[in-house]
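As structure tokens, the structure follows; a few thoughts come after it.
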Amino acid sequence: MKLQISCEEAVVPPCPHFGFCGGCKYQHVAYDEQLAQKQTYIATLFNREVSDIVASEPFWRYRNKMEFSFSQARSGEKFLGLMRGRGRVENLESCWLTSFWFMEALSFVRQWWESTNIRAYYPPKDEGTLRTLTLREGVYTGEKMAILTISGRNEYALSQKEVEEFKETLQGVDTVVLRKQIIAKKCPTRFEQTLLKGEGRIRENLHGQDGRVWTFSIRSDSFFQPNTRSAETLYQLALESAKLDPNDCVLDLYCGTGTLGIFASSLVKEVIGIELNSDAVADAKYNFELNGVQNMRVIEGDVGEVLGELDFSANVVIVDPPRVGLGKEALKHLMELYPSKIIYISCNPVTQTAECNTLCERGYDIVSIQPVDQFPHTPHIENIVLLTRVIRAIG
């Protein structure tokens with residue numbers, strides 16, 4: 001069951017690219033109506049009442065990251081912007097999802113590109129050079145990053161002069177990274193990165209519910225919630241719902257760079273994170289040091305496998321899995337662990353509903369359901385479910 005937002009009373013979309021660009025589909029629907037339909041969607045999925053959905057504030061210019069694509073017509077006409085479907089790119093001059101400097105940077109890069117003979121990458125033939133331009137910012141810190149991704153084939157490499165000219169177009173950007181995407185038949189895609197400017201990372205601050213300000217390092221390939229202010233709200237509400245105790249021991253599954261676990265660390269006795277991605281694990285450890293966190297550690301490995309071998313008694317488990325959900329193995333070991341509370345956060349309420357139903361069949365009750373709108377004008381939604389243990393599961 002996918003969320004389809006309908007328009008009962010249209011409003012005027014502010015973006016001139018609306019209807020062509022694939023960045024957002026529902027600018028023509030009043031924001032209050034978007035929220036109402038998202039809340040109804042969650043209530044229908046779970047077949048029960050849910051808490052009032054929390055709006056994104058602001059609901060324009062909320063994204064801290066955007067990836068723009070390069071494309072080129074047979075005539076030579078160049079396009080740089082967001083995908084509009086069927087491999088076509090909308091040549092963006094404006095975007096209401098990002099802060100203003102994103103479009104300024106896009107304009108400067110477009111001018112640089114127009115002054116060269118560099119061709120956009122063409123996937124069907126694995127030809128050309130320029131693939132994507134990714135921009136990131138720290139909303140609270142003001143730090144900025146740009147990542148230019150190009151073909152990994154040597155014959156399409158940029159010259160040193162072209163690299164220097166690209167870097168010079170991005171004055172005011174703290175960190176600039178050149179990334180080669182290397183593809184080969186029967187081999188996994190890999191990336192090689194060259195730091196052109198800055199430290200190779202930016203920082204962002206997030207405010208915890210206990211009043212503390214946490215600082216997080218973001219590298220070019222780090223995952224970080226795309227809506228900074230809404231992420232603060234999401235984490236605060238998740239931990240508030242659990243009513244954590246200073247003696248609690250917490251497991252943070254799919255912990256990524258440790259963001260949510262670090263939020264919880266000042267409220268509990270101990271936090272252990274589990275994460276498969278080695279780069280995310282390295283980022284998490286860096287973030288522990290950055291924030292002086294001494295009661296959290298992270299284990300690298302598949303969540304299902306590590307859970308089956310972990311000798312750790314946790315009474316609270318936080319899960320924030322990928323869209324496909326926990327999966328059978330992780331869910332099985334989670335039920336064997338049988339913690340008193342589970343905080344289940346998901347960007348895919350369909351898989352979340354199914355797995356919460358399974359947990360309810362095995363001795364849990366759903367205490368609260370809290371939808372949070374992180375992505376206005378799109379069908380995407382984050383949802384927090386708190387489950388508490390009722391009776392010892394049998395079987």
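We name chains A, B, ... following the order of the structure tokens; residues begin at 1 in each chain, and ligands are numbered from 1 as shown.
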
Which neighbours of range 57-61 of chain A fall inside 7 Å, counting only C-alpha atoms, when residues of the same chain fewer than 5 positions from it are skipped, and could you give them as a ChimeraX atom specification? /A:96-99,376

Give me, as an MDAnalysis selection string, all polymer residues having an atom no more than 9 Å from Cys24 in chain A, counting only C-alpha atoms and skipping those fewer than 2 positions away in the same chain. chainID A and resid 18:19 21:22 26:27 97 376:379

Which neighbours of range 120-132 of chain A fall inside 10 Å, counting only C-alpha atoms, when residues of the same chain fewer than 3 positions from it are skipped, and could you give them as a PDB file with N, CA and C atoms, in the first residue's frame?
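So out34.pdb came out as:
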```pdb
ATOM      1  N   GLU A  67      21.696  15.809  -4.677  1.00  0.00           N
ATOM      2  CA  GLU A  67      22.550  15.313  -5.750  1.00  0.00           C
ATOM      3  C   GLU A  67      21.969  15.725  -7.092  1.00  0.00           C
ATOM      4  N   PHE A  68      22.752  16.450  -7.884  1.00  0.00           N
ATOM      5  CA  PHE A  68      22.334  16.931  -9.187  1.00  0.00           C
ATOM      6  C   PHE A  68      23.051  16.132 -10.278  1.00  0.00           C
ATOM      7  N   SER A  69      22.347  15.893 -11.378  1.00  0.00           N
ATOM      8  CA  SER A  69      22.893  15.071 -12.461  1.00  0.00           C
ATOM      9  C   SER A  69      23.300  15.918 -13.659  1.00  0.00           C
ATOM     10  N   PHE A  70      24.365  15.480 -14.328  1.00  0.00           N
ATOM     11  CA  PHE A  70      24.785  16.069 -15.604  1.00  0.00           C
ATOM     12  C   PHE A  70      24.179  15.244 -16.736  1.00  0.00           C
ATOM     13  N   SER A  71      23.772  15.919 -17.788  1.00  0.00           N
ATOM     14  CA  SER A  71      23.246  15.232 -18.965  1.00  0.00           C
ATOM     15  C   SER A  71      23.512  16.096 -20.189  1.00  0.00           C
ATOM     16  N   GLN A  72      23.507  15.456 -21.353  1.00  0.00           N
ATOM     17  CA  GLN A  72      23.828  16.187 -22.579  1.00  0.00           C
ATOM     18  C   GLN A  72      23.043  15.605 -23.737  1.00  0.00           C
ATOM     19  N   ALA A  73      22.459  16.496 -24.531  1.00  0.00           N
ATOM     20  CA  ALA A  73      21.711  16.073 -25.715  1.00  0.00           C
ATOM     21  C   ALA A  73      22.669  15.783 -26.864  1.00  0.00           C
ATOM     22  N   GLY A  76      24.474  18.599 -28.255  1.00  0.00           N
ATOM     23  CA  GLY A  76      25.512  19.206 -27.430  1.00  0.00           C
ATOM     24  C   GLY A  76      24.961  20.041 -26.292  1.00  0.00           C
ATOM     25  N   LYS A  78      23.629  21.215 -22.867  1.00  0.00           N
ATOM     26  CA  LYS A  78      24.011  20.674 -21.571  1.00  0.00           C
ATOM     27  C   LYS A  78      22.934  20.932 -20.519  1.00  0.00           C
ATOM     28  N   PHE A  79      22.761  19.944 -19.644  1.00  0.00           N
ATOM     29  CA  PHE A  79      21.752  20.029 -18.581  1.00  0.00           C
ATOM     30  C   PHE A  79      22.390  19.654 -17.248  1.00  0.00           C
ATOM     31  N   LEU A  80      22.053  20.410 -16.215  1.00  0.00           N
ATOM     32  CA  LEU A  80      22.525  20.118 -14.865  1.00  0.00           C
ATOM     33  C   LEU A  80      21.383  20.393 -13.895  1.00  0.00           C
ATOM     34  N   GLY A  81      20.909  19.345 -13.245  1.00  0.00           N
ATOM     35  CA  GLY A  81      19.778  19.533 -12.332  1.00  0.00           C
ATOM     36  C   GLY A  81      19.295  18.204 -11.794  1.00  0.00           C
ATOM     37  N   LEU A  82      17.989  18.086 -11.605  1.00  0.00           N
ATOM     38  CA  LEU A  82      17.389  16.873 -11.049  1.00  0.00           C
ATOM     39  C   LEU A  82      16.718  16.055 -12.150  1.00  0.00           C
ATOM     40  N   GLY A  87      15.588   9.172 -17.893  1.00  0.00           N
ATOM     41  CA  GLY A  87      16.958   9.584 -18.152  1.00  0.00           C
ATOM     42  C   GLY A  87      17.132  11.056 -18.466  1.00  0.00           C
ATOM     43  N   TRP A 113      31.276  24.437 -16.755  1.00  0.00           N
ATOM     44  CA  TRP A 113      31.084  23.350 -17.710  1.00  0.00           C
ATOM     45  C   TRP A 113      30.893  23.890 -19.127  1.00  0.00           C
ATOM     46  N   ASN A 117      34.988  21.627 -23.054  1.00  0.00           N
ATOM     47  CA  ASN A 117      34.497  20.620 -23.997  1.00  0.00           C
ATOM     48  C   ASN A 117      34.215  19.298 -23.302  1.00  0.00           C
ATOM     49  N   LEU A 135      25.857  18.464  -3.294  1.00  0.00           N
ATOM     50  CA  LEU A 135      26.104  19.582  -2.381  1.00  0.00           C
ATOM     51  C   LEU A 135      25.545  19.240  -1.006  1.00  0.00           C
ATOM     52  N   ILE A 147      30.814  17.724  -3.932  1.00  0.00           N
ATOM     53  CA  ILE A 147      31.436  16.491  -4.414  1.00  0.00           C
ATOM     54  C   ILE A 147      31.115  16.350  -5.897  1.00  0.00           C
ATOM     55  N   LEU A 148      32.150  16.344  -6.731  1.00  0.00           N
ATOM     56  CA  LEU A 148      31.978  16.130  -8.158  1.00  0.00           C
ATOM     57  C   LEU A 148      32.314  14.675  -8.459  1.00  0.00           C
ATOM     58  N   THR A 149      31.335  13.924  -8.970  1.00  0.00           N
ATOM     59  CA  THR A 149      31.549  12.523  -9.307  1.00  0.00           C
ATOM     60  C   THR A 149      31.710  12.391 -10.815  1.00  0.00           C
ATOM     61  N   ILE A 150      32.802  11.731 -11.216  1.00  0.00           N
ATOM     62  CA  ILE A 150      33.111  11.588 -12.636  1.00  0.00           C
ATOM     63  C   ILE A 150      33.324  10.111 -12.980  1.00  0.00           C
ATOM     64  N   SER A 151      33.415   9.836 -14.272  1.00  0.00           N
ATOM     65  CA  SER A 151      33.710   8.486 -14.729  1.00  0.00           C
ATOM     66  C   SER A 151      35.086   8.054 -14.230  1.00  0.00           C
ATOM     67  N   GLY A 152      35.198   6.756 -13.924  1.00  0.00           N
ATOM     68  CA  GLY A 152      36.482   6.223 -13.493  1.00  0.00           C
ATOM     69  C   GLY A 152      37.366   5.771 -14.637  1.00  0.00           C
ATOM     70  N   ARG A 153      36.902   5.869 -15.859  1.00  0.00           N
ATOM     71  CA  ARG A 153      37.705   5.457 -17.017  1.00  0.00           C
ATOM     72  C   ARG A 153      38.778   6.506 -17.298  1.00  0.00           C
ATOM     73  N   ASN A 154      40.008   6.065 -17.466  1.00  0.00           N
ATOM     74  CA  ASN A 154      41.143   6.981 -17.624  1.00  0.00           C
ATOM     75  C   ASN A 154      40.996   7.904 -18.819  1.00  0.00           C
ATOM     76  N   GLU A 155      40.385   7.395 -19.903  1.00  0.00           N
ATOM     77  CA  GLU A 155      40.271   8.229 -21.104  1.00  0.00           C
ATOM     78  C   GLU A 155      39.292   9.393 -20.926  1.00  0.00           C
ATOM     79  N   TYR A 156      38.511   9.344 -19.849  1.00  0.00           N
ATOM     80  CA  TYR A 156      37.566  10.433 -19.590  1.00  0.00           C
ATOM     81  C   TYR A 156      37.947  11.245 -18.344  1.00  0.00           C
ATOM     82  N   ALA A 157      39.176  11.094 -17.892  1.00  0.00           N
ATOM     83  CA  ALA A 157      39.626  11.835 -16.708  1.00  0.00           C
ATOM     84  C   ALA A 157      39.719  13.329 -17.005  1.00  0.00           C
ATOM     85  N   LEU A 158      39.517  14.130 -15.983  1.00  0.00           N
ATOM     86  CA  LEU A 158      39.703  15.576 -16.113  1.00  0.00           C
ATOM     87  C   LEU A 158      41.185  15.911 -16.092  1.00  0.00           C
ATOM     88  N   ARG A 179      35.426  12.694  -6.938  1.00  0.00           N
ATOM     89  CA  ARG A 179      35.181  11.272  -6.732  1.00  0.00           C
ATOM     90  C   ARG A 179      35.056  10.561  -8.070  1.00  0.00           C
ATOM     91  N   LYS A 180      35.869   9.532  -8.270  1.00  0.00           N
ATOM     92  CA  LYS A 180      35.780   8.704  -9.471  1.00  0.00           C
ATOM     93  C   LYS A 180      34.917   7.479  -9.183  1.00  0.00           C
ATOM     94  N   GLN A 181      33.939   7.236 -10.031  1.00  0.00           N
ATOM     95  CA  GLN A 181      33.088   6.053  -9.903  1.00  0.00           C
ATOM     96  C   GLN A 181      33.566   5.013 -10.895  1.00  0.00           C
ATOM     97  N   ILE A 183      33.421   1.383 -12.542  1.00  0.00           N
ATOM     98  CA  ILE A 183      32.542   0.238 -12.765  1.00  0.00           C
ATOM     99  C   ILE A 183      33.213  -0.730 -13.724  1.00  0.00           C
ATOM    100  N   ALA A 184      32.976  -2.002 -13.497  1.00  0.00           N
ATOM    101  CA  ALA A 184      33.516  -3.044 -14.374  1.00  0.00           C
ATOM    102  C   ALA A 184      32.591  -4.240 -14.316  1.00  0.00           C
TER     103      ALA A 184
END
```

Mind the document's chain letters and residue numbers, and return as a PyMOL selection string the residues of range 274-329 of chain A that DSSP labels strand (DSSP E or B). chain A and resi 274-275+296-300+316-319

Restricting the calculation to only C-alpha atoms, which member of A:Leu92, A:Ala314, A:Val54, A:Leu35 is positioned closest to Cys15 in chain A?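 Of A:Leu92, A:Ala314, A:Val54, A:Leu35, the one nearest Cys15 in chain A, counting only C-alpha atoms, is A:Leu92.
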
Separation of CA of Cys356 in chain A from CA of Gly256 in chain A, in Å and rounded to one decimal: 21.7 Å

Counting only C-alpha atoms, what is within 12 Å of Asn357 in chain A, bar same-chain residues fewer than 4 positions away, as a PDB file with C-alpha atoms, in the first residue's frame?
```pdb
ATOM      1  CA  LEU A  45      -1.659   0.877   7.831  1.00  0.00           C
ATOM      2  CA  PHE A  46      -1.615   0.165  11.571  1.00  0.00           C
ATOM      3  CA  ASN A  47      -5.404   0.101  11.893  1.00  0.00           C
ATOM      4  CA  LEU A 331      13.849 -10.065  13.858  1.00  0.00           C
ATOM      5  CA  PRO A 349       5.888   2.222   7.237  1.00  0.00           C
ATOM      6  CA  VAL A 350       4.772  -0.785   5.157  1.00  0.00           C
ATOM      7  CA  THR A 351       7.627  -3.044   6.284  1.00  0.00           C
ATOM      8  CA  GLN A 352       7.472  -1.428   9.720  1.00  0.00           C
ATOM      9  CA  THR A 353       3.802  -2.389  10.093  1.00  0.00           C
ATOM     10  CA  GLU A 361       2.246 -11.748  18.049  1.00  0.00           C
ATOM     11  CA  ARG A 362       5.289 -12.613  20.147  1.00  0.00           C
ATOM     12  CA  GLY A 363       4.541 -10.702  23.332  1.00  0.00           C
ATOM     13  CA  TYR A 364       4.661  -6.961  22.618  1.00  0.00           C
ATOM     14  CA  ASP A 365       2.110  -4.172  22.653  1.00  0.00           C
ATOM     15  CA  ILE A 366       2.260  -1.035  20.546  1.00  0.00           C
ATOM     16  CA  VAL A 385       6.635   3.102  17.019  1.00  0.00           C
ATOM     17  CA  LEU A 387       6.590  -1.332  21.657  1.00  0.00           C
TER      18      LEU A 387
END
```

Contact residues around Asn383 in chain A with only C-alpha atoms at 12 Å, ignoring same-chain residues under 4 positions, as a PyMOL selection string: chain A and resi 38-39+41-43+45-46+50-54+231+233-235+237-238+319-321+343-353+368-374

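Counting only C-alpha atoms, Gly138 in chain A has the following residues at most 7 Å away, ignoring those fewer than 3 positions along the same chain: Asn64, Thr141, Gly142, Glu143, Lys144, Ile202, Arg203 and Glu204 of chain A.
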
Could you turn the residues from that selection into a file that holds C-alpha atoms, as a compact mmCIF listing (two decimals), in the first residue's frame?
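Printed below is result-v1.txt as written:
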```
# COMPACT_ATOMS: atom_id res chain seq x y z
CA ASN A 64 20.83 19.80 3.69
CA THR A 141 27.28 25.44 11.40
CA GLY A 142 27.04 26.98 7.93
CA GLU A 143 29.77 24.67 6.63
CA LYS A 144 29.51 23.66 2.95
CA ILE A 202 31.92 19.27 7.45
CA ARG A 203 30.22 19.41 10.84
CA GLU A 204 26.64 19.74 11.93
```

Of the residues A:Ala55, A:Ala36, A:Val89, A:Ala30, which is the one nearest to His17 in chain A, using only C-alpha atoms? A:Val89

What are the DSSP helix (DSSP H, G or I) residues of range 146-347 of chain A, as number ranges by chain? A: 154-156, 160-169, 228-242, 259-265, 278-291, 303-309, 328-337

May I ask which of the residues A:Asn287, A:Ser159, A:Thr175, A:Asn315 is the closest one to Ser217 in chain A, counting only C-alpha atoms? A:Asn287

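Coordinates place CA of Tyr140 in chain A at a distance of 8.6 Å from CA of Thr228 in chain A.
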